[in-house]
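Q: Dropping in work_0.csv, which is CSV, N, CA and C atoms:
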chain,number,residue,atom,x,y,z
K,234,ARG,N,0.8,-1.2,0.0
K,234,ARG,CA,0.0,0.0,0.0
K,234,ARG,C,0.8,1.3,0.0
K,235,LEU,N,1.9,1.2,0.8
K,235,LEU,CA,2.8,2.4,0.9
K,235,LEU,C,3.4,2.7,-0.5
K,236,GLN,N,3.9,1.7,-1.2
K,236,GLN,CA,4.5,2.0,-2.5
K,236,GLN,C,3.5,2.5,-3.5
K,237,LYS,N,2.3,2.0,-3.4
K,237,LYS,CA,1.2,2.5,-4.3
K,237,LYS,C,0.8,4.0,-4.0
K,238,ILE,N,0.7,4.3,-2.8
K,238,ILE,CA,0.4,5.7,-2.4
K,238,ILE,C,1.5,6.6,-2.9
K,239,MET,N,2.7,6.3,-2.6
K,239,MET,CA,3.8,7.2,-3.0
K,239,MET,C,4.0,7.3,-4.5
K,240,ASP,N,3.8,6.2,-5.2
K,240,ASP,CA,3.9,6.2,-6.6
K,240,ASP,C,2.8,7.0,-7.3
K,241,GLU,N,1.6,6.8,-6.9
K,241,GLU,CA,0.4,7.5,-7.6
K,241,GLU,C,0.2,8.9,-7.1
K,242,TYR,N,0.4,9.2,-5.9
K,242,TYR,CA,0.0,10.5,-5.4
K,242,TYR,C,1.2,11.5,-5.0
K,243,ALA,N,2.4,10.9,-4.9
K,243,ALA,CA,3.6,11.7,-4.5
K,243,ALA,C,4.7,11.7,-5.6
K,244,GLY,N,4.2,11.7,-6.9
K,244,GLY,CA,5.2,11.9,-8.0
K,244,GLY,C,6.0,10.7,-8.3
K,245,GLY,N,5.5,9.5,-8.4
K,245,GLY,CA,6.2,8.3,-8.8
K,245,GLY,C,6.3,8.1,-10.3
K,246,ILE,N,6.8,7.0,-10.7
K,246,ILE,CA,7.0,6.7,-12.1
K,246,ILE,C,5.7,6.6,-12.8
K,247,SER,N,4.7,6.1,-12.2
K,247,SER,CA,3.4,5.9,-12.9
K,247,SER,C,2.7,7.2,-13.3
K,248,VAL,N,3.1,8.3,-12.7
K,248,VAL,CA,2.6,9.6,-13.1
K,248,VAL,C,3.7,10.5,-13.7
K,249,ASP,N,4.7,9.8,-14.2
K,249,ASP,CA,5.9,10.5,-14.8
K,249,ASP,C,6.5,11.6,-13.9
K,250,TYR,N,6.6,11.3,-12.6
K,250,TYR,CA,7.3,12.1,-11.6
K,250,TYR,C,6.7,13.5,-11.5
K,251,GLY,N,5.4,13.6,-11.8
K,251,GLY,CA,4.7,14.9,-11.6
K,251,GLY,C,3.7,14.8,-10.5
K,252,TYR,N,3.6,15.9,-9.7
K,252,TYR,CA,2.6,15.9,-8.6
K,252,TYR,C,2.1,17.3,-8.4
K,253,SER,N,1.0,17.4,-7.7
K,253,SER,CA,0.4,18.7,-7.4
K,253,SER,C,-0.1,18.7,-5.9
K,254,GLU,N,-0.5,19.8,-5.4
K,254,GLU,CA,-0.9,19.9,-4.0
K,254,GLU,C,-2.1,19.0,-3.8
K,255,GLY,N,-3.1,18.9,-4.7
K,255,GLY,CA,-4.2,18.0,-4.5
K,255,GLY,C,-3.8,16.6,-4.3
K,256,GLU,N,-2.9,16.1,-5.2
K,256,GLU,CA,-2.4,14.8,-5.1
K,256,GLU,C,-1.7,14.5,-3.8
K,257,LEU,N,-0.8,15.5,-3.4
K,257,LEU,CA,-0.1,15.4,-2.1
K,257,LEU,C,-1.0,15.3,-0.9
K,258,ASN,N,-2.1,16.1,-1.0
K,258,ASN,CA,-3.1,16.0,0.1
K,258,ASN,C,-3.8,14.6,0.2
K,259,LEU,N,-4.0,14.0,-1.0
K,259,LEU,CA,-4.6,12.7,-1.0
K,259,LEU,C,-3.6,11.7,-0.5
K,260,ALA,N,-2.3,11.9,-0.8
K,260,ALA,CA,-1.2,11.0,-0.3
K,260,ALA,C,-1.2,11.1,1.2
K,261,LYS,N,-1.3,12.3,1.7
K,261,LYS,CA,-1.3,12.6,3.2
K,261,LYS,C,-2.5,11.8,3.9
K,262,LEU,N,-3.7,11.9,3.2
K,262,LEU,CA,-4.9,11.2,3.8
K,262,LEU,C,-4.7,9.7,3.8
K,263,HIS,N,-4.2,9.2,2.7
K,263,HIS,CA,-3.9,7.7,2.6
K,263,HIS,C,-2.9,7.3,3.6
K,264,LEU,N,-1.8,8.1,3.7
K,264,LEU,CA,-0.8,7.7,4.7
K,264,LEU,C,-1.3,7.8,6.1
K,265,LYS,N,-2.2,8.7,6.4
K,265,LYS,CA,-2.8,8.7,7.8
K,265,LYS,C,-3.6,7.4,8.0
K,266,ARG,N,-4.4,7.0,7.0
K,266,ARG,CA,-5.1,5.8,7.1
K,266,ARG,C,-4.2,4.6,7.3
K,267,LEU,N,-3.1,4.6,6.6
K,267,LEU,CA,-2.1,3.5,6.7
K,267,LEU,C,-1.5,3.5,8.1
K,268,GLN,N,-1.2,4.7,8.6
K,268,GLN,CA,-0.6,4.8,9.9
K,268,GLN,C,-1.6,4.3,11.0
K,269,ASP,N,-2.9,4.6,10.8
K,269,ASP,CA,-3.9,4.0,11.7
K,269,ASP,C,-3.9,2.5,11.7
K,270,ASP,N,-3.8,2.0,10.5
K,270,ASP,CA,-3.9,0.5,10.3
K,270,ASP,C,-2.7,-0.2,10.9
K,271,LEU,N,-1.6,0.5,11.0
K,271,LEU,CA,-0.3,-0.1,11.6
K,271,LEU,C,-0.5,-0.4,13.1
K,272,GLN,N,-1.5,0.2,13.7
K,272,GLN,CA,-1.8,-0.2,15.1
K,272,GLN,C,-2.2,-1.6,15.3
K,273,THR,N,-2.7,-2.3,14.2
K,273,THR,CA,-3.1,-3.7,14.3
K,273,THR,C,-2.0,-4.7,14.0
K,274,LEU,N,-0.8,-4.2,13.7
K,274,LEU,CA,0.3,-5.1,13.4
K,274,LEU,C,0.7,-5.9,14.6
K,275,TYR,N,1.1,-7.1,14.4
K,275,TYR,CA,1.6,-7.9,15.5
K,275,TYR,C,2.7,-8.8,14.9
K,276,ALA,N,3.5,-9.3,15.8
K,276,ALA,CA,4.6,-10.2,15.3
K,276,ALA,C,4.7,-11.4,16.2
K,277,GLN,N,5.1,-12.5,15.6
K,277,GLN,CA,5.2,-13.8,16.3
K,277,GLN,C,6.6,-14.0,16.8
K,278,GLY,N,7.5,-13.2,16.4
K,278,GLY,CA,8.9,-13.4,16.8
K,278,GLY,C,9.7,-12.1,16.5
K,279,SER,N,11.0,-12.2,16.9
K,279,SER,CA,11.8,-11.0,16.8
K,279,SER,C,12.0,-10.6,15.3
K,280,TYR,N,12.1,-11.6,14.4
K,280,TYR,CA,12.3,-11.3,13.0
K,280,TYR,C,11.1,-10.5,12.5
K,281,GLU,N,9.9,-11.0,12.8
K,281,GLU,CA,8.7,-10.3,12.3
K,281,GLU,C,8.6,-8.9,13.0
K,282,LEU,N,9.0,-8.8,14.2
K,282,LEU,CA,8.9,-7.6,14.9
K,282,LEU,C,9.8,-6.5,14.3
K,283,MET,N,11.0,-7.0,13.8
K,283,MET,CA,11.9,-6.1,13.1
K,283,MET,C,11.3,-5.6,11.8
K,284,HIS,N,10.6,-6.5,11.1
K,284,HIS,CA,9.9,-6.1,9.8
K,284,HIS,C,8.8,-5.1,10.1
K,285,ALA,N,8.1,-5.4,11.2
K,285,ALA,CA,6.9,-4.5,11.6
K,285,ALA,C,7.5,-3.1,11.9
K,286,HIS,N,8.6,-3.0,12.6
K,286,HIS,CA,9.1,-1.7,12.9
K,286,HIS,C,9.7,-1.0,11.6
K,287,GLU,N,10.2,-1.8,10.7
K,287,GLU,CA,10.7,-1.2,9.5
K,287,GLU,C,9.6,-0.6,8.7
K,288,VAL,N,8.4,-1.3,8.6
K,288,VAL,CA,7.3,-0.8,7.9
K,288,VAL,C,6.8,0.5,8.6
K,289,MET,N,6.7,0.5,9.9
K,289,MET,CA,6.3,1.8,10.6
K,289,MET,C,7.3,2.9,10.3
K,290,ASP,N,8.6,2.7,10.3
K,290,ASP,CA,9.5,3.7,10.0
K,290,ASP,C,9.4,4.2,8.6
K,291,ARG,N,9.1,3.4,7.6
K,291,ARG,CA,8.9,3.8,6.2
K,291,ARG,C,7.7,4.7,6.1
K,292,VAL,N,6.6,4.3,6.8
K,292,VAL,CA,5.4,5.2,6.7
K,292,VAL,C,5.7,6.5,7.3
K,293,THR,N,6.4,6.6,8.4
K,293,THR,CA,6.8,7.9,9.0
K,293,THR,C,7.7,8.7,8.0
K,294,VAL,N,8.6,8.1,7.4
K,294,VAL,CA,9.5,8.8,6.4
K,294,VAL,C,8.6,9.3,5.3
K,295,ALA,N,7.7,8.5,4.8
K,295,ALA,CA,6.8,9.0,3.7
K,295,ALA,C,6.0,10.2,4.1
K,296,GLU,N,5.4,10.1,5.3
K,296,GLU,CA,4.6,11.3,5.8
K,296,GLU,C,5.5,12.6,5.9
K,297,VAL,N,6.7,12.5,6.3
K,297,VAL,CA,7.6,13.7,6.4
K,297,VAL,C,8.0,14.1,5.0
K,298,LEU,N,8.2,13.2,4.1
K,298,LEU,CA,8.6,13.6,2.8
K,298,LEU,C,7.4,14.3,2.1
K,299,VAL,N,6.2,13.8,2.3
K,299,VAL,CA,5.0,14.5,1.7
K,299,VAL,C,4.8,15.9,2.3
K,300,ALA,N,5.1,16.0,3.6
K,300,ALA,CA,5.0,17.4,4.2
K,300,ALA,C,6.1,18.3,3.6
K,301,HIS,N,7.3,17.8,3.3
K,301,HIS,CA,8.3,18.7,2.7
K,301,HIS,C,7.8,19.0,1.3
K,302,MET,N,7.3,18.1,0.5
K,302,MET,CA,6.8,18.3,-0.8
K,302,MET,C,5.7,19.3,-0.9
K,303,LEU,N,4.8,19.3,0.1
K,303,LEU,CA,3.7,20.3,0.2
K,303,LEU,C,4.2,21.6,0.6
K,304,HIS,N,5.3,21.7,1.4
K,304,HIS,CA,5.8,23.0,1.8
K,304,HIS,C,6.5,23.8,0.7
K,305,ARG,N,7.3,23.1,-0.1
K,305,ARG,CA,8.1,23.8,-1.1
K,305,ARG,C,7.2,23.9,-2.3
K,306,LYS,N,6.8,25.1,-2.7
K,306,LYS,CA,5.9,25.4,-3.8
K,306,LYS,C,6.7,25.9,-5.0
K,307,GLU,N,7.5,25.0,-5.6
K,307,GLU,CA,8.3,25.3,-6.8
K,307,GLU,C,8.8,23.9,-7.3
K,308,THR,N,9.3,24.0,-8.5
K,308,THR,CA,10.0,22.8,-9.1
K,308,THR,C,11.4,23.2,-9.2
K,309,ARG,N,12.3,22.5,-8.5
K,309,ARG,CA,13.7,22.8,-8.4
K,309,ARG,C,14.5,21.9,-9.4
K,310,TRP,N,14.1,20.7,-9.5
K,310,TRP,CA,14.8,19.7,-10.3
K,310,TRP,C,13.9,19.0,-11.3
K,311,HIS,N,13.7,19.7,-12.5
K,311,HIS,CA,12.8,19.1,-13.5
K,311,HIS,C,13.1,17.7,-13.9
K,312,CYS,N,14.3,17.3,-13.9
K,312,CYS,CA,14.7,16.0,-14.4
K,312,CYS,C,14.3,14.9,-13.4
K,313,TYR,N,14.0,15.2,-12.1
K,313,TYR,CA,13.7,14.2,-11.1
K,313,TYR,C,12.2,14.2,-10.8
K,314,GLN,N,11.6,15.4,-10.4
K,314,GLN,CA,10.2,15.5,-10.1
K,314,GLN,C,9.8,16.9,-10.5
K,315,GLU,N,8.5,17.0,-10.8
K,315,GLU,CA,8.0,18.3,-11.3
K,315,GLU,C,6.7,18.6,-10.5
K,316,ARG,N,6.7,19.7,-9.9
K,316,ARG,CA,5.5,20.2,-9.2
K,316,ARG,C,4.6,20.8,-10.2
K,317,LEU,N,3.5,20.1,-10.7
K,317,LEU,CA,2.7,20.6,-11.8
K,317,LEU,C,2.0,21.9,-11.5
K,318,ASP,N,1.6,22.2,-10.3
K,318,ASP,CA,0.9,23.4,-10.0
K,318,ASP,C,1.9,24.6,-9.7
K,319,HIS,N,3.2,24.3,-9.6
K,319,HIS,CA,4.2,25.3,-9.5
K,319,HIS,C,5.4,24.8,-10.3
K,320,PRO,N,5.3,25.0,-11.6
K,320,PRO,CA,6.3,24.4,-12.5
K,320,PRO,C,7.7,25.2,-12.6
K,321,GLU,N,7.7,26.4,-12.1
K,321,GLU,CA,8.9,27.2,-12.2
K,321,GLU,C,9.8,27.2,-11.0
K,322,ARG,N,11.1,27.3,-11.2
K,322,ARG,CA,12.0,27.5,-10.0
K,322,ARG,C,11.9,28.9,-9.5
K,323,ASP,N,11.9,29.1,-8.2
K,323,ASP,CA,11.7,30.4,-7.6
K,323,ASP,C,12.8,30.7,-6.6
K,324,ASP,N,13.9,31.1,-7.1
K,324,ASP,CA,15.1,31.4,-6.2
K,324,ASP,C,14.8,32.5,-5.2
K,325,ALA,N,14.0,33.5,-5.6
K,325,ALA,CA,13.7,34.6,-4.7
K,325,ALA,C,13.0,34.2,-3.4
K,326,ARG,N,12.2,33.2,-3.5
K,326,ARG,CA,11.5,32.7,-2.3
K,326,ARG,C,12.1,31.5,-1.7
K,327,TRP,N,12.6,30.6,-2.6
K,327,TRP,CA,13.0,29.2,-2.1
K,327,TRP,C,14.4,28.9,-2.1
K,328,MET,N,15.3,29.9,-2.0
K,328,MET,CA,16.7,29.7,-1.9
K,328,MET,C,17.0,29.5,-0.4
K,329,VAL,N,16.4,28.5,0.2
K,329,VAL,CA,16.5,28.2,1.6
K,329,VAL,C,16.7,26.7,1.8
K,330,PHE,N,17.2,26.3,2.9
K,330,PHE,CA,17.2,24.9,3.3
K,330,PHE,C,15.8,24.7,4.1
K,331,VAL,N,15.1,23.6,3.7
K,331,VAL,CA,13.9,23.3,4.5
K,331,VAL,C,14.2,22.1,5.3
K,332,ASN,N,14.1,22.3,6.6
K,332,ASN,CA,14.2,21.3,7.6
K,332,ASN,C,12.9,21.0,8.3
K,333,SER,N,12.8,19.9,9.0
K,333,SER,CA,11.5,19.7,9.7
K,333,SER,C,11.8,19.0,11.0
K,334,VAL,N,10.8,19.1,11.9
K,334,VAL,CA,10.8,18.4,13.2
K,334,VAL,C,9.5,17.7,13.3
K,335,ARG,N,9.5,16.4,13.6
K,335,ARG,CA,8.3,15.7,13.7
K,335,ARG,C,8.1,15.5,15.2
K,336,HIS,N,6.9,16.1,15.7
K,336,HIS,CA,6.6,16.0,17.1
K,336,HIS,C,6.0,14.7,17.5
K,337,SER,N,5.9,14.4,18.8
K,337,SER,CA,5.4,13.1,19.2
K,337,SER,C,3.9,12.9,18.9
K,338,ASP,N,3.2,14.0,18.6
K,338,ASP,CA,1.8,13.8,18.2
K,338,ASP,C,1.6,13.6,16.7
K,339,GLY,N,2.8,13.5,16.0
K,339,GLY,CA,2.8,13.3,14.5
K,339,GLY,C,2.8,14.5,13.7
K,340,HIS,N,2.6,15.7,14.3
K,340,HIS,CA,2.6,17.0,13.6
K,340,HIS,C,4.1,17.2,13.1
K,341,VAL,N,4.2,17.6,11.8
K,341,VAL,CA,5.5,17.9,11.2
K,341,VAL,C,5.6,19.5,11.1
K,342,GLU,N,6.6,20.0,11.8
K,342,GLU,CA,6.8,21.5,11.8
K,342,GLU,C,7.9,21.7,10.8
K,343,MET,N,7.7,22.6,9.9
K,343,MET,CA,8.6,23.0,8.9
K,343,MET,C,9.5,24.2,9.3
K,344,LEU,N,10.8,24.1,9.1
K,344,LEU,CA,11.7,25.2,9.4
K,344,LEU,C,12.5,25.6,8.2
K,345,GLU,N,12.6,26.8,8.0
K,345,GLU,CA,13.4,27.3,6.8
K,345,GLU,C,14.7,28.0,7.4
K,346,ARG,N,15.8,27.6,6.8
K,346,ARG,CA,17.1,28.2,7.2
K,346,ARG,C,17.7,28.8,6.0
K,347,PRO,N,18.3,30.0,6.1
K,347,PRO,CA,19.0,30.6,4.9
K,347,PRO,C,20.2,29.8,4.4
K,348,VAL,N,20.4,30.0,3.1
K,348,VAL,CA,21.6,29.4,2.5
K,348,VAL,C,22.7,30.5,2.6
K,349,GLU,N,23.7,30.2,3.3
K,349,GLU,CA,24.8,31.1,3.5
K,349,GLU,C,25.9,30.8,2.4
K,350,ARG,N,26.1,31.8,1.6
K,350,ARG,CA,27.1,31.7,0.5
K,350,ARG,C,28.5,32.0,1.1
K,351,ALA,N,29.5,31.2,0.7
K,351,ALA,CA,30.8,31.4,1.1
K,351,ALA,C,31.7,31.4,-0.1
K,352,THR,N,32.8,32.2,-0.1
K,352,THR,CA,33.8,32.1,-1.2
K,352,THR,C,35.1,31.6,-0.6
K,353,TRP,N,35.7,30.8,-1.3
K,353,TRP,CA,36.9,30.2,-0.8
K,353,TRP,C,38.1,30.6,-1.8
K,354,GLU,N,39.2,31.0,-1.2
K,354,GLU,CA,40.3,31.3,-2.0
K,354,GLU,C,41.1,30.0,-2.2
K,355,VAL,N,41.3,29.6,-3.4
K,355,VAL,CA,42.1,28.3,-3.6
K,355,VAL,C,43.5,28.7,-4.1
K,356,VAL,N,44.5,28.2,-3.4
K,356,VAL,CA,45.9,28.5,-3.8
K,356,VAL,C,46.4,27.2,-4.3
K,357,LEU,N,46.8,27.2,-5.6
K,357,LEU,CA,47.3,26.0,-6.2
K,357,LEU,C,48.8,25.9,-6.0
K,358,PRO,N,49.4,24.8,-5.8
K,358,PRO,CA,50.9,24.7,-5.6
K,358,PRO,C,51.5,24.9,-7.0
K,359,SER,N,52.8,25.3,-6.9
K,359,SER,CA,53.5,25.6,-8.2
K,359,SER,C,53.7,24.2,-8.9
K,360,LEU,N,53.7,24.4,-10.2
K,360,LEU,CA,53.9,23.2,-11.0
K,360,LEU,C,55.3,23.0,-11.5
K,361,ASN,N,56.0,22.2,-10.9
K,361,ASN,CA,57.5,22.0,-11.2
K,361,ASN,C,57.7,21.0,-12.3
K,362,ASP,N,56.6,20.4,-12.8
K,362,ASP,CA,56.8,19.3,-13.8
K,362,ASP,C,56.6,19.9,-15.2
K,363,GLY,N,56.4,21.2,-15.4
K,363,GLY,CA,56.1,21.8,-16.7
K,363,GLY,C,54.7,21.9,-17.1
K,364,ALA,N,53.7,21.4,-16.2
K,364,ALA,CA,52.3,21.5,-16.6
K,364,ALA,C,51.9,22.9,-16.5
K,365,VAL,N,50.9,23.3,-17.3
K,365,VAL,CA,50.4,24.6,-17.3
K,365,VAL,C,48.9,24.7,-17.0
K,366,ILE,N,48.5,25.6,-16.2
K,366,ILE,CA,47.0,25.8,-15.9
K,366,ILE,C,46.5,26.8,-16.8
K,367,ARG,N,45.6,26.5,-17.6
K,367,ARG,CA,45.0,27.4,-18.6
K,367,ARG,C,43.6,27.8,-18.1
K,368,HIS,N,43.3,29.1,-18.0
K,368,HIS,CA,42.0,29.6,-17.6
K,368,HIS,C,41.2,29.9,-18.8
K,369,THR,N,40.0,29.4,-18.9
K,369,THR,CA,39.1,29.6,-20.0
K,369,THR,C,38.0,30.5,-19.7
Write the structure described by the file as structure tokens, please.

A:
Amino acid sequence: RLQKIMDEYAGGISVDYGYSEGELNLAKLHLKRLQDDLQTLYAQGSYELMHAHEVMDRVTVAEVLVAHMLHRKETRWHCYQERLDHPERDDARWMVFVNSVRHSDGHVEMLERPVERATWEVVLPSLNDGAVIRHT
């Protein structure tokens, strides 16, 4: 179920890596239902318990991923995924790092942090073997 939700509503291969806010909200709804269904998981041994926890972790990661996709209203990487309702890159608004905190109640808080540009002076060693650095 998780794979189907993420593929069809969160920009998977079956939709040519395109998604929109409406589809992401459907993904969020289906993930909430899946999260509720996980309460009925049980395991008969430590191996099955490990797999149950792995599934629960994957659903949590999917929920946070969808929250990030909903928050960023632009398309930054056309070759990977495309936000169909916001197809353009918007550096004026979205040149930020988007971080998140998932609280114990399941709420995902989005945090934006500025991108700090730095310039580095690179000093190259002298070339004693006759090689030449050409600047183009």

Q: Kindly provide, as a PyMOL selection string, the polymer residues lying within 7 Å of (14.6, 20.3, 6.9), counting only C-alpha atoms and using the coordinates exactly as they appear in the file.

A: chain K and resi 330-333+343-344

Q: Dig up all the protein and nucleic acid residues within 8 Å of (6.1, 13.1, -1.6) in the file frame, using all atoms listed in the file, and format them as JSON, numbers by chain.

A: {"K": [239, 242, 243, 244, 245, 257, 260, 295, 296, 297, 298, 299, 300, 301, 302, 303]}

Q: With distances taken over only C-alpha atoms, which of K:Val294, K:Cys312, K:Tyr275, K:Glu349 is nearest to Arg335 of chain K?

A: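 With only C-alpha atoms as the atom set, the closest residue is K:Val294.
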
Q: Using DSSP secondary structure from the backbone, list all helix (DSSP H, G or I) positions within segment 275-336 of chain K, as a PyMOL selection string.

A: chain K and resi 279-304+324-327

Q: Do you have the atom C of Met289 of chain K-atom CA of Leu267 of chain K distance handy?

A: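 Computing it gives 10.1 Å between the two atoms.
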
Q: Mind giving me the straight-line distance from atom N of Arg350 of chain K to atom CA of Asp323 of chain K in Å, one decimal?

A: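 These two atoms are separated by 17.1 Å.
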
Q: Could you tell me how far atom N of Trp310 of chain K lies from atom C of Val329 of chain K, in Å and to one decimal?

A: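 Distance reported for this atom pair: 13.1 Å.
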
Q: Excluding Arg309 of chain K and its own-chain neighbours fewer than 5 positions away, which residues fall within 12 Å of it when counting only C-alpha atoms? Please give them as a list of chain:residue names.

A: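 What passes the distance filter is K:Met302, K:Gln314, K:Glu315, K:Arg316, K:Leu317, K:His319, K:Pro320, K:Glu321, K:Arg322, K:Asp323, K:Asp324, K:Arg326, K:Trp327, K:Met328, K:Val329.
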
Q: Find, counting all atoms listed in the file, the residue in K:Asp338, K:Asp318, K:Asp362, K:Glu354 that gets nearest to Glu254 of chain K.

A: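 Checking each of K:Asp338, K:Asp318, K:Asp362, K:Glu354 against Glu254 of chain K, counting all atoms listed in the file, the winner is K:Asp318.
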
Q: Mind listing the strand (DSSP E) residues of segment 243-357 of chain K, per DSSP on the backbone, as number ranges by chain?

A: K: 251-252, 315-316, 329-335, 341-347

Q: Check the smallest atom-to-atom distance from each of K:His336, K:Arg346, K:Lys237, K:Arg305 to Leu264 of chain K using only C-alpha atoms, then report the winner.

A: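 Of all the options, K:Lys237 lies closest to Leu264 of chain K.
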
Q: Could you please fill out segment 309-317 of chain K with all heavy atoms and send it back as a tab-separated table (two decimals), keeping the file's coordinate frame?

A:
chain	number	residue	atom	x	y	z
K	309	ARG	N	12.30	22.50	-8.50
K	309	ARG	CA	13.70	22.80	-8.40
K	309	ARG	C	14.50	21.90	-9.40
K	309	ARG	O	15.41	22.32	-10.02
K	309	ARG	CB	14.24	22.67	-7.02
K	309	ARG	CG	15.68	23.08	-6.94
K	309	ARG	CD	16.03	23.79	-5.65
K	309	ARG	NE	15.39	25.05	-5.49
K	309	ARG	CZ	15.95	26.23	-5.76
K	309	ARG	NH1	17.16	26.29	-6.25
K	309	ARG	NH2	15.31	27.35	-5.53
K	310	TRP	N	14.10	20.70	-9.50
K	310	TRP	CA	14.80	19.70	-10.30
K	310	TRP	C	13.90	19.00	-11.30
K	310	TRP	O	13.30	18.00	-11.09
K	310	TRP	CB	15.45	18.62	-9.43
K	310	TRP	CG	16.31	19.19	-8.37
K	310	TRP	CD1	16.02	19.30	-7.04
K	310	TRP	CD2	17.60	19.76	-8.53
K	310	TRP	NE1	17.04	19.89	-6.36
K	310	TRP	CE2	18.03	20.19	-7.25
K	310	TRP	CE3	18.44	19.96	-9.61
K	310	TRP	CZ2	19.27	20.80	-7.05
K	310	TRP	CZ3	19.67	20.56	-9.40
K	310	TRP	CH2	20.07	20.97	-8.13
K	311	HIS	N	13.70	19.70	-12.50
K	311	HIS	CA	12.80	19.10	-13.50
K	311	HIS	C	13.10	17.70	-13.90
K	311	HIS	O	12.19	16.98	-14.26
K	311	HIS	CB	12.84	20.05	-14.76
K	311	HIS	CG	12.15	21.35	-14.57
K	311	HIS	ND1	10.79	21.48	-14.63
K	311	HIS	CD2	12.64	22.58	-14.28
K	311	HIS	CE1	10.46	22.75	-14.41
K	311	HIS	NE2	11.56	23.43	-14.19
K	312	CYS	N	14.30	17.30	-13.90
K	312	CYS	CA	14.70	16.00	-14.40
K	312	CYS	C	14.30	14.90	-13.40
K	312	CYS	O	14.30	13.72	-13.76
K	312	CYS	CB	16.15	15.92	-14.77
K	312	CYS	SG	17.24	16.32	-13.40
K	313	TYR	N	14.00	15.20	-12.10
K	313	TYR	CA	13.70	14.20	-11.10
K	313	TYR	C	12.20	14.20	-10.80
K	313	TYR	O	11.54	13.17	-10.80
K	313	TYR	CB	14.48	14.43	-9.87
K	313	TYR	CG	15.95	14.25	-10.11
K	313	TYR	CD1	16.81	15.34	-10.07
K	313	TYR	CD2	16.47	13.01	-10.41
K	313	TYR	CE1	18.16	15.17	-10.30
K	313	TYR	CE2	17.82	12.84	-10.65
K	313	TYR	CZ	18.66	13.92	-10.59
K	313	TYR	OH	19.99	13.77	-10.82
K	314	GLN	N	11.60	15.40	-10.40
K	314	GLN	CA	10.20	15.50	-10.10
K	314	GLN	C	9.80	16.90	-10.50
K	314	GLN	O	10.54	17.81	-10.45
K	314	GLN	CB	9.93	15.24	-8.64
K	314	GLN	CG	9.94	13.78	-8.25
K	314	GLN	CD	9.40	13.59	-6.85
K	314	GLN	OE1	9.71	14.34	-5.94
K	314	GLN	NE2	8.59	12.57	-6.68
K	315	GLU	N	8.50	17.00	-10.80
K	315	GLU	CA	8.00	18.30	-11.30
K	315	GLU	C	6.70	18.60	-10.50
K	315	GLU	O	5.75	17.79	-10.53
K	315	GLU	CB	7.72	18.26	-12.78
K	315	GLU	CG	7.40	19.63	-13.30
K	315	GLU	CD	7.75	19.78	-14.76
K	315	GLU	OE1	8.28	18.84	-15.37
K	315	GLU	OE2	7.46	20.85	-15.30
K	316	ARG	N	6.70	19.70	-9.90
K	316	ARG	CA	5.50	20.20	-9.20
K	316	ARG	C	4.60	20.80	-10.20
K	316	ARG	O	4.84	21.94	-10.72
K	316	ARG	CB	5.88	21.21	-8.11
K	316	ARG	CG	4.76	21.79	-7.31
K	316	ARG	CD	4.44	20.95	-6.09
K	316	ARG	NE	3.22	21.42	-5.49
K	316	ARG	CZ	3.14	21.91	-4.25
K	316	ARG	NH1	4.18	21.94	-3.48
K	316	ARG	NH2	1.99	22.32	-3.80
K	317	LEU	N	3.50	20.10	-10.70
K	317	LEU	CA	2.70	20.60	-11.80
K	317	LEU	C	2.00	21.90	-11.50
K	317	LEU	O	1.75	22.64	-12.48
K	317	LEU	CB	1.73	19.46	-12.17
K	317	LEU	CG	2.38	18.12	-12.55
K	317	LEU	CD1	1.33	17.04	-12.76
K	317	LEU	CD2	3.27	18.28	-13.76
